[in-house]
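Here is the structure we will look at, set down as structure tokens.
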Amino acid sequence: MKKLLVTGSSGLIGSEVCIHFADLGWEIHGIDNNQRAVFFGANGDTRWNESRLKSKITNFHHHELDIRDRNGVISLIKTIKPDAIVHTAAQPSHDRAAAIPFDDFDTNAVGTFNLLEATRRYNTEVPFVHMSTNKVYGDAPNEIEMVELEKRWDYADPNFEHGIAENFRIDQTKHSLFGASKVSADISVQEYGRYFNMPTACLRGGCLTGPNHTGVELHGFLSYLIKCNLEEKPYTVFGYKGKQVRDNIHSFDVARFIEEFIKAPRIAEVYNLGGGKDNTCSILEAFDLISNISGKEMQYTYSDMNRIGDHVCYYSDLRKMQAHYPNWQITKSLQTVFEEIYQSWIERNEINC
């Protein structure tokens, strides 16, 4: 039985990867210490997801470990001897990073470096998949010529008809401290691939979402937005008239791409992993979508101050991914994503009542 090591196993992507590979017959080892509750308080607690994994996966082994613990990481990888590693653990909020800069950098940059070096010492042939972020591009996408439509912004430049490609620049731009720490991790993953000829991938995610997301105001916009609608709680829109656009990808489609990469790994690759143009929506459009599903009008307030380093419009050009891995495609439509998240919040609220 092959062994998969997943960091951030109680998070959205980590848990989806655990279940997906368990269904494929892998033994799963998850690293998670519920750091999300430290970053975001009780609303960010992921212990419920840890319990879900333990109940659903027969061959699941939970490891209560902080990836900043260098010796602990080196020892664990040497002991487990995984056949592949998927690194999803992170401090994920660019707003929160400014308040906890050391925690942010030590988790995102140093933690990733610890895992890379531990992997190199163990076996340079083990595929290493890193969940990076589109924030490595900073706010440079805002320089693209855009057109303002009734409820969204979109690219006016035909060169970006399909979205942002992997050769888009990452320097000379404002990233937020979160973006900077993730750039460091991203470049380190690429460098270990090139320098040591290791099969590594940086997946620069757009809006990663799904029913098992513990969305909070500072991270997990779609999950949190739907939660606000369900609970009839005001949602705060930060700038850009609420017309800012994101591409949304279901965690299942993320796990499926990771499966394809691990089956046929490449050296030091980078992919923009998002929902693509077909799965885009603005915040105003998201309000309409969830209101049509729930029957509840969205309550919100508006702030003229946009988040630092935030994108006016961003969606991923998926053509490189699909060229390298033609068996992969988006399977979950935007409507399905909304419906699944809405149903998940209903079920979680019923359990908590």
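Scheme for the structure tokens: letters A, B, ... for chains in order shown; per-chain residue numbers from 1; ligand numbers from 1 in order shown.
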
Leaving out region 199-206 of chain A and any residue of its chain fewer than 4 positions from it, which residues lie within 10 Å of it when counting only C-alpha atoms, given as a VMD selection string?
chain A and resid 84 to 87 116 124 to 137 166 182 185 to 194 246 to 249 254 257 to 258 261 to 262 264 to 276 314 to 316

DSSP says alpha helix (DSSP H) for which residues of region 234-298 of chain A? Put them as a VMD selection string?
chain A and resid 251 to 263 283 to 294

Could you list, as a PyMOL selection string, every residue within 9 Å of Gly220 (chain A), counting only C-alpha atoms and ignoring same-chain residues fewer than 3 positions away?
chain A and resi 92-93+207-209+213-217+223-225

Mind checking which residues fall within 9 Å of Tyr122 (chain A), counting only C-alpha atoms, ignoring those fewer than 2 positions away in the same chain, and posting them as a short mmCIF file (atom, residue, chain, number, x, y, z; two decimals) with N, CA and C atoms, in the first residue's frame?
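File written: selection_19.cif
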data_model
loop_
_atom_site.label_atom_id
_atom_site.label_comp_id
_atom_site.auth_asym_id
_atom_site.auth_seq_id
_atom_site.Cartn_x
_atom_site.Cartn_y
_atom_site.Cartn_z
N ILE A 74 11.71 16.47 9.92
CA ILE A 74 12.73 15.58 9.36
C ILE A 74 12.55 14.16 9.88
N ILE A 77 9.17 12.38 8.40
CA ILE A 77 9.28 11.93 7.01
C ILE A 77 10.21 10.73 6.89
N LYS A 78 11.28 10.75 7.63
CA LYS A 78 12.22 9.62 7.64
C LYS A 78 11.54 8.36 8.16
N LYS A 81 8.34 7.35 5.57
CA LYS A 81 8.80 6.96 4.23
C LYS A 81 7.66 7.05 3.20
N GLU A 117 13.60 20.17 2.57
CA GLU A 117 14.90 19.60 2.95
C GLU A 117 14.73 18.21 3.56
N ALA A 118 13.65 18.03 4.33
CA ALA A 118 13.38 16.71 4.90
C ALA A 118 13.11 15.70 3.78
N THR A 119 12.40 16.14 2.74
CA THR A 119 12.12 15.26 1.59
C THR A 119 13.40 14.94 0.84
N ARG A 120 14.24 15.94 0.62
CA ARG A 120 15.51 15.71 -0.09
C ARG A 120 16.38 14.71 0.66
N THR A 124 14.92 11.88 -3.14
CA THR A 124 14.72 12.95 -4.13
C THR A 124 13.78 12.54 -5.26
N VAL A 126 10.66 11.39 -4.66
CA VAL A 126 9.29 11.47 -4.15
C VAL A 126 8.61 12.74 -4.67
#

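Nearest to Gln299 (chain A) of all the residues A:Glu16, A:Glu231, A:Asp95, A:Asp66 is A:Glu231, counting only C-alpha atoms.
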